[in-house]
>>> print(open('protein_5.tsv').read())   # TSV, C-alpha atoms
chain	number	residue	atom	x	y	z
A	1	MET	CA	0.00	0.00	0.00
A	2	PRO	CA	1.32	3.48	-0.82
A	3	ARG	CA	2.75	5.46	2.08
A	4	ILE	CA	0.85	8.59	1.22
A	5	VAL	CA	-2.64	8.03	2.57
A	6	ILE	CA	-5.42	10.50	1.98
A	7	GLU	CA	-8.58	10.13	4.01
A	8	VAL	CA	-11.96	11.06	2.65
A	9	GLY	CA	-15.14	11.99	4.43
A	10	LYS	CA	-18.16	11.58	2.19
A	11	GLN	CA	-20.92	14.11	2.47
A	12	SER	CA	-24.23	14.38	0.65
A	13	ASP	CA	-22.91	17.23	-1.47
A	14	GLY	CA	-19.33	16.12	-2.02
A	15	ALA	CA	-16.31	14.93	-0.15
A	16	THR	CA	-13.61	16.25	2.18
A	17	PHE	CA	-10.04	15.03	1.73
A	18	MET	CA	-7.27	15.26	4.34
A	19	LEU	CA	-3.90	13.61	4.84
A	20	SER	CA	-3.91	10.78	7.35
A	21	PRO	CA	-2.12	11.58	10.64
A	22	TRP	CA	0.73	9.20	9.84
A	23	THR	CA	1.17	10.71	6.40
A	24	GLN	CA	1.45	14.14	8.01
A	25	VAL	CA	4.19	12.78	10.26
A	26	LEU	CA	5.97	11.16	7.33
A	27	LEU	CA	6.03	14.38	5.34
A	28	GLU	CA	7.02	16.45	8.36
A	29	GLU	CA	9.94	14.14	9.02
A	30	ARG	CA	11.09	14.67	5.45
A	31	SER	CA	10.79	18.42	6.00
A	32	LEU	CA	8.10	18.54	3.38
A	33	ALA	CA	5.65	20.36	5.63
A	34	PRO	CA	3.84	22.71	5.87
A	35	PHE	CA	1.41	21.47	3.33
A	36	PRO	CA	-0.32	23.76	0.86
A	37	ALA	CA	-3.83	22.83	1.97
A	38	LYS	CA	-5.07	21.34	5.23
A	39	ALA	CA	-8.19	19.98	3.60
A	40	VAL	CA	-9.73	19.88	0.16
A	41	PHE	CA	-13.46	19.83	-0.39
A	42	LEU	CA	-14.85	18.78	-3.76
A	43	SER	CA	-18.47	19.46	-4.43
A	44	PHE	CA	-20.23	16.86	-6.55
A	45	ASP	CA	-23.69	16.93	-8.01
A	46	THR	CA	-24.07	13.22	-7.71
A	47	ARG	CA	-22.60	10.52	-5.55
A	48	LYS	CA	-21.91	8.51	-8.68
A	49	ALA	CA	-19.46	11.10	-9.94
A	50	PHE	CA	-17.48	10.83	-6.74
A	51	GLU	CA	-17.29	7.08	-6.93
A	52	ASP	CA	-15.91	7.06	-10.47
A	53	PRO	CA	-12.46	5.45	-10.13
A	54	ASN	CA	-11.39	7.15	-13.34
A	55	GLY	CA	-12.34	10.55	-12.04
A	56	PRO	CA	-9.67	13.06	-13.04
A	57	TRP	CA	-9.44	14.74	-9.65
A	58	TRP	CA	-7.67	12.21	-7.44
A	59	GLU	CA	-4.14	13.16	-8.38
A	60	HIS	CA	-4.93	16.86	-8.12
A	61	VAL	CA	-6.19	16.31	-4.58
A	62	ALA	CA	-2.88	14.62	-3.74
A	63	PHE	CA	-0.94	17.54	-5.24
A	64	LEU	CA	-2.92	20.08	-3.23
A	65	LEU	CA	-2.65	18.24	0.08
A	66	THR	CA	0.98	17.19	-0.10
A	67	GLY	CA	2.60	19.84	-2.26
A	68	LEU	CA	4.50	17.00	-3.92
A	69	THR	CA	5.09	16.66	-7.63
A	70	ARG	CA	4.00	13.61	-9.59
A	71	HIS	CA	7.59	12.39	-9.54
A	72	GLN	CA	7.84	12.81	-5.75
A	73	LEU	CA	4.54	11.03	-5.24
A	74	ARG	CA	5.90	8.11	-7.20
A	75	GLU	CA	8.99	8.05	-5.00
A	76	PHE	CA	6.66	7.52	-2.06
A	77	GLY	CA	5.03	4.64	-3.86
A	78	GLY	CA	2.06	6.60	-5.05
A	79	PHE	CA	-0.91	7.40	-2.88
A	80	SER	CA	-4.14	5.87	-1.75
A	81	ILE	CA	-7.47	7.40	-0.87
A	82	VAL	CA	-9.28	5.64	1.95
A	83	ASP	CA	-12.52	6.01	3.81
A	84	PRO	CA	-11.43	5.80	7.48
A	85	VAL	CA	-14.97	5.23	8.68
A	86	GLU	CA	-15.84	2.39	6.31
A	87	HIS	CA	-12.23	1.10	6.27
A	88	GLU	CA	-12.42	1.07	2.50
A	89	VAL	CA	-9.66	1.77	-0.02
A	90	LEU	CA	-11.25	3.83	-2.78
A	91	ILE	CA	-8.25	4.54	-4.95
A	92	GLU	CA	-4.71	3.25	-5.11
A	93	SER	CA	-2.57	5.15	-7.54
A	94	LEU	CA	0.06	3.43	-9.60
A	95	ALA	CA	3.57	3.91	-8.32
A	96	ALA	CA	5.23	3.19	-11.62
B	1	MET	CA	-24.18	27.34	28.30
B	2	ALA	CA	-20.76	28.49	29.48
B	3	VAL	CA	-19.29	27.74	26.04
B	4	MET	CA	-22.14	29.56	24.33
B	5	ALA	CA	-21.64	32.55	26.61
B	6	GLU	CA	-17.95	32.73	25.76
B	7	LEU	CA	-18.63	32.52	22.02
B	8	LEU	CA	-21.24	35.26	22.25
B	9	LEU	CA	-18.85	37.43	24.24
B	10	ARG	CA	-16.33	37.01	21.44
B	11	GLY	CA	-18.90	38.28	18.97
B	12	TRP	CA	-19.88	34.98	17.38
B	13	ASN	CA	-23.49	33.99	16.99
B	14	VAL	CA	-24.57	30.59	18.22
B	15	ALA	CA	-27.20	28.17	16.92
B	16	LEU	CA	-28.38	24.96	18.48
B	17	PRO	CA	-29.33	21.98	16.28
B	18	GLU	CA	-32.87	20.76	16.86
B	19	ILE	CA	-31.67	17.18	16.76
B	20	ASP	CA	-28.31	16.01	18.05
B	21	LEU	CA	-26.55	14.38	15.10
B	22	GLY	CA	-23.00	14.79	16.26
B	23	GLU	CA	-22.53	18.39	17.19
B	24	ASP	CA	-23.90	20.42	20.05
B	25	LEU	CA	-23.84	23.87	18.55
B	26	PHE	CA	-22.82	25.94	15.59
B	27	ALA	CA	-20.72	29.07	15.97
B	28	ILE	CA	-21.38	31.56	13.20
B	29	ASN	CA	-19.64	34.73	12.15
B	30	ASP	CA	-22.66	36.70	10.94
B	31	GLN	CA	-20.55	39.03	8.85
B	32	THR	CA	-18.69	36.43	6.84
B	33	GLY	CA	-20.97	33.43	7.17
B	34	ASP	CA	-18.14	31.32	8.57
B	35	LEU	CA	-19.54	28.38	10.47
B	36	ILE	CA	-17.76	26.14	12.95
B	37	ARG	CA	-19.29	22.95	14.25
B	38	VAL	CA	-18.75	22.48	17.96
B	39	GLN	CA	-18.99	19.40	20.14
B	40	VAL	CA	-19.03	20.15	23.85
B	41	LYS	CA	-17.99	17.40	26.22
B	42	THR	CA	-18.46	17.84	29.94
B	43	ALA	CA	-17.10	15.95	32.91
B	44	THR	CA	-16.95	16.36	36.65
B	45	ALA	CA	-13.50	16.80	38.14
B	46	ARG	CA	-12.19	14.14	40.44
B	47	PRO	CA	-9.99	15.92	42.98
B	48	GLN	CA	-6.35	14.88	43.05
B	49	ARG	CA	-3.59	15.99	45.39
B	50	ASP	CA	-2.51	19.00	43.31
B	51	GLY	CA	-5.38	19.28	40.89
B	52	TYR	CA	-7.95	17.05	39.28
B	53	SER	CA	-8.61	14.36	36.73
B	54	ALA	CA	-11.54	14.16	34.36
B	55	GLN	CA	-12.68	11.55	31.90
B	56	PHE	CA	-14.40	11.96	28.53
B	57	ASN	CA	-15.83	9.53	25.99
B	58	VAL	CA	-15.50	10.56	22.36
B	59	SER	CA	-16.92	8.70	19.37
B	60	LEU	CA	-14.19	7.13	17.25
B	61	LEU	CA	-16.33	7.42	14.15
B	62	GLN	CA	-16.68	11.14	14.76
B	63	ILE	CA	-12.94	11.57	15.25
B	64	HIS	CA	-12.14	9.67	12.07
B	65	ARG	CA	-14.49	11.44	9.68
B	66	PRO	CA	-13.05	14.46	7.84
B	67	ARG	CA	-15.68	17.08	7.14
B	68	VAL	CA	-15.99	20.66	6.03
B	69	PRO	CA	-16.53	22.63	8.14
B	70	ASP	CA	-14.58	20.49	10.56
B	71	LEU	CA	-15.57	19.81	14.12
B	72	VAL	CA	-14.04	21.47	17.16
B	73	TYR	CA	-14.20	19.80	20.55
B	74	VAL	CA	-14.57	21.81	23.73
B	75	PHE	CA	-13.83	19.79	26.84
B	76	ALA	CA	-15.36	21.36	29.92
B	77	VAL	CA	-14.51	20.22	33.44
B	78	ARG	CA	-16.62	21.25	36.37
B	79	SER	CA	-14.80	21.32	39.70
B	80	GLU	CA	-15.86	22.55	43.12
B	81	ALA	CA	-14.39	25.95	42.26
B	82	GLY	CA	-16.43	26.22	39.04
B	83	TRP	CA	-15.52	25.63	35.40
B	84	GLU	CA	-11.88	24.86	34.79
B	85	PRO	CA	-10.31	26.48	31.70
B	86	PHE	CA	-11.82	24.80	28.66
B	87	VAL	CA	-9.66	22.46	26.60
B	88	ILE	CA	-10.28	23.18	22.92
B	89	MET	CA	-9.11	20.89	20.13
B	90	GLU	CA	-9.86	20.59	16.47
B	91	ARG	CA	-11.01	17.16	15.42
B	92	SER	CA	-7.92	16.67	13.26
B	93	ALA	CA	-5.64	17.49	16.22
B	94	LEU	CA	-7.44	15.02	18.45
B	95	ARG	CA	-7.30	12.42	15.70
B	96	ARG	CA	-3.54	12.87	15.41
B	97	GLU	CA	-3.04	12.72	19.17
B	98	GLN	CA	-5.06	9.53	19.31
B	99	GLU	CA	-3.56	7.75	16.31
B	100	VAL	CA	0.05	8.90	16.29
B	101	HIS	CA	0.66	9.44	19.99
B	102	GLY	CA	-1.71	6.81	21.38
B	103	VAL	CA	-3.70	9.23	23.47
B	104	GLY	CA	-6.71	7.72	25.19
B	105	SER	CA	-7.89	4.15	25.33
B	106	VAL	CA	-10.27	2.65	22.83
B	107	SER	CA	-13.40	1.15	24.32
B	108	GLY	CA	-15.87	-0.19	21.78
B	109	ASP	CA	-16.83	2.62	19.43
B	110	SER	CA	-15.34	5.30	21.65
B	111	VAL	CA	-12.03	6.54	22.87
B	112	VAL	CA	-11.76	7.37	26.55
B	113	LEU	CA	-9.68	10.44	27.32
B	114	ARG	CA	-8.47	11.10	30.84
B	115	PHE	CA	-7.20	14.58	31.52
B	116	VAL	CA	-4.95	15.12	34.52
B	117	SER	CA	-4.30	18.63	35.75
B	118	ALA	CA	-1.78	19.39	38.47
B	119	GLY	CA	-0.72	22.94	39.02
B	120	GLU	CA	0.00	24.41	35.62
B	121	SER	CA	0.31	21.07	33.88
B	122	LEU	CA	-2.38	19.40	31.83
B	123	THR	CA	-1.79	15.97	30.36
B	124	CYS	CA	-3.70	13.21	28.62
B	125	SER	CA	-2.05	9.80	28.42
B	126	GLY	CA	1.20	11.53	29.29
B	127	ARG	CA	0.94	14.04	26.44
B	128	ASP	CA	1.25	17.71	27.25
B	129	PHE	CA	-2.14	19.28	26.50
B	130	ARG	CA	-1.41	22.78	27.79
B	131	ALA	CA	-1.44	24.19	24.28
B	132	TYR	CA	-5.12	23.31	24.01
B	133	ARG	CA	-6.10	24.97	27.27
B	134	SER	CA	-8.30	28.00	26.61
B	135	ASP	CA	-7.22	27.95	22.97
B	136	TRP	CA	-10.00	30.13	21.57
B	137	SER	CA	-7.97	30.97	18.47
B	138	ARG	CA	-10.58	29.37	16.22
B	139	TRP	CA	-12.93	32.11	17.35
B	140	PRO	CA	-11.06	35.40	17.27
B	141	VAL	CA	-12.80	38.26	19.02
B	142	LEU	CA	-14.80	40.03	16.34
B	143	PRO	CA	-14.77	43.79	15.93
B	144	ILE	CA	-17.82	45.41	17.47
B	145	ALA	CA	-19.16	46.44	14.05
B	146	PHE	CA	-19.24	42.81	12.87
B	147	ARG	CA	-21.05	41.43	15.88
B	148	SER	CA	-24.50	39.99	15.94
B	149	SER	CA	-27.00	42.65	16.96
B	150	SER	CA	-29.39	40.20	18.63
>>> encode(input="protein_5.tsv", output="structure tokens")
Amino acid sequence: MPRIVIEVGKQSDGATFMLSPWTQVLLEERSLAPFPAKAVFLSFDTRKAFEDPNGPWWEHVAFLLTGLTRHQLREFGGFSIVDPVEHEVLIESLAA
Amino acid sequence: MAVMAELLLRGWNVALPEIDLGEDLFAINDQTGDLIRVQVKTATARPQRDGYSAQFNVSLLQIHRPRVPDLVYVFAVRSEAGWEPFVIMERSALRREQEVHGVGSVSGDSVVLRFVSAGESLTCSGRDFRAYRSDWSRWPVLPIAFRSSS
């Protein structure tokens, strides 16, 4: 599993994304903090749009939360987006 | 009520949800529309030699769920002398304390937090919590002109 973990809180009108606590620690230890955004909220018209695994927004969310480039994200093994309440992995990006 | 009074004194408006679905009140900046969800937890102090201890139960599900606007916890301890200084933590800060630093003990669907205050110190599971004491920075005092006129 990638070491960059982004947690999502689903809401009726969209979703809130935040770095997991351990990911914050990981990036702080690498002196990669402070992060550009503490949280990212994406507003969706439909729940279906949010659940689209091919949605074009996942990587952008990772950029905004971590401040890392695509290359740096790959060095961390990519990233995953998880629902911490449902214990569900929604997205696992490719590290290659 | 004590938390509401403090928020009103700082110029924020306060609304109470009709049904408790996870927060106890909403703090609103009438000028900007900013809204902060607040969960108030209360406990009675157990006297100790130099201070007190107090125990709180917090829902794990609530701690784990990121939301916008995010939740702020206000921990209120009532002692014989009255209300102790409130301990104020954003949900994300509490989540990090619990997950990274092992604060509290998990019991079913909740985490049990035990605050220990002695003199100037305030700890929870050995972690220094003084930074959270009376940390009203989420609610800066609003200029008179921006305050609710109610």
>>> residues_around(input="protein_5.tsv", residues="Ile36 (chain B)", least_positions_apart="6", cutoff="8 Å", atoms="all atoms listed in the file", output="list in words")
Phe26, Ala27, Ile28, Pro69, Asp70, Leu71 and Val72 of chain B
>>> closest_atom_pairs(input="protein_5.tsv", of="chain A", to="chain B", cutoff="10 Å", atoms="only C-alpha atoms", output="tab-separated table")
residue	atom	partner	partner_atom	distance
A:Glu7	CA	B:Pro66	CA	7.3
A:Val8	CA	B:Pro66	CA	6.3
A:Gly9	CA	B:Pro66	CA	4.7
A:Lys10	CA	B:Arg67	CA	7.8
A:Gln11	CA	B:Arg67	CA	7.6
A:Gly14	CA	B:Val68	CA	9.8
A:Ala15	CA	B:Arg67	CA	7.6
A:Thr16	CA	B:Arg67	CA	5.4
A:Phe17	CA	B:Pro66	CA	6.8
A:Met18	CA	B:Pro66	CA	6.8
A:Leu19	CA	B:Pro66	CA	9.7
A:Ser20	CA	B:Arg96	CA	8.3
A:Pro21	CA	B:Arg96	CA	5.1
A:Trp22	CA	B:Val100	CA	6.5
A:Gln24	CA	B:Arg96	CA	9.0
A:Val25	CA	B:Val100	CA	8.3
A:Lys38	CA	B:Ser92	CA	9.7
A:Ala39	CA	B:Val68	CA	8.2
A:Val40	CA	B:Val68	CA	8.6
A:Phe41	CA	B:Val68	CA	7.0
A:Asp83	CA	B:Arg65	CA	8.2
A:Pro84	CA	B:His64	CA	6.0
A:Val85	CA	B:Leu61	CA	6.0
A:Glu86	CA	B:Leu61	CA	9.3
>>> atom_distance(input="protein_5.tsv", atom1="CA of Val82 (chain A)", atom2="CA of Ser12 (chain A)")
17.4 Å
>>> residues_around(input="protein_5.tsv", residues="region 2-14 of chain B", least_positions_apart="4", cutoff="12 Å", atoms="only C-alpha atoms", output="VMD selection string")
chain B and resid 24 to 42 73 to 78 82 to 88 134 136 to 150
>>> atom_distance(input="protein_5.tsv", atom1="CA of Glu92 (chain A)", atom2="CA of Val5 (chain A)")
9.3 Å
>>> residues_around(input="protein_5.tsv", residues="Gly51 (chain B)", least_positions_apart="4", cutoff="10 Å", atoms="only C-alpha atoms", output="list in words")
Ala45, Arg46, Pro47, Ser79, Val116, Ser117, Ala118, Gly119, Glu120, Ser121 and Leu122 of chain B
>>> atom_distance(input="protein_5.tsv", atom1="CA of Ile91 (chain A)", atom2="CA of Asp13 (chain A)")
19.7 Å
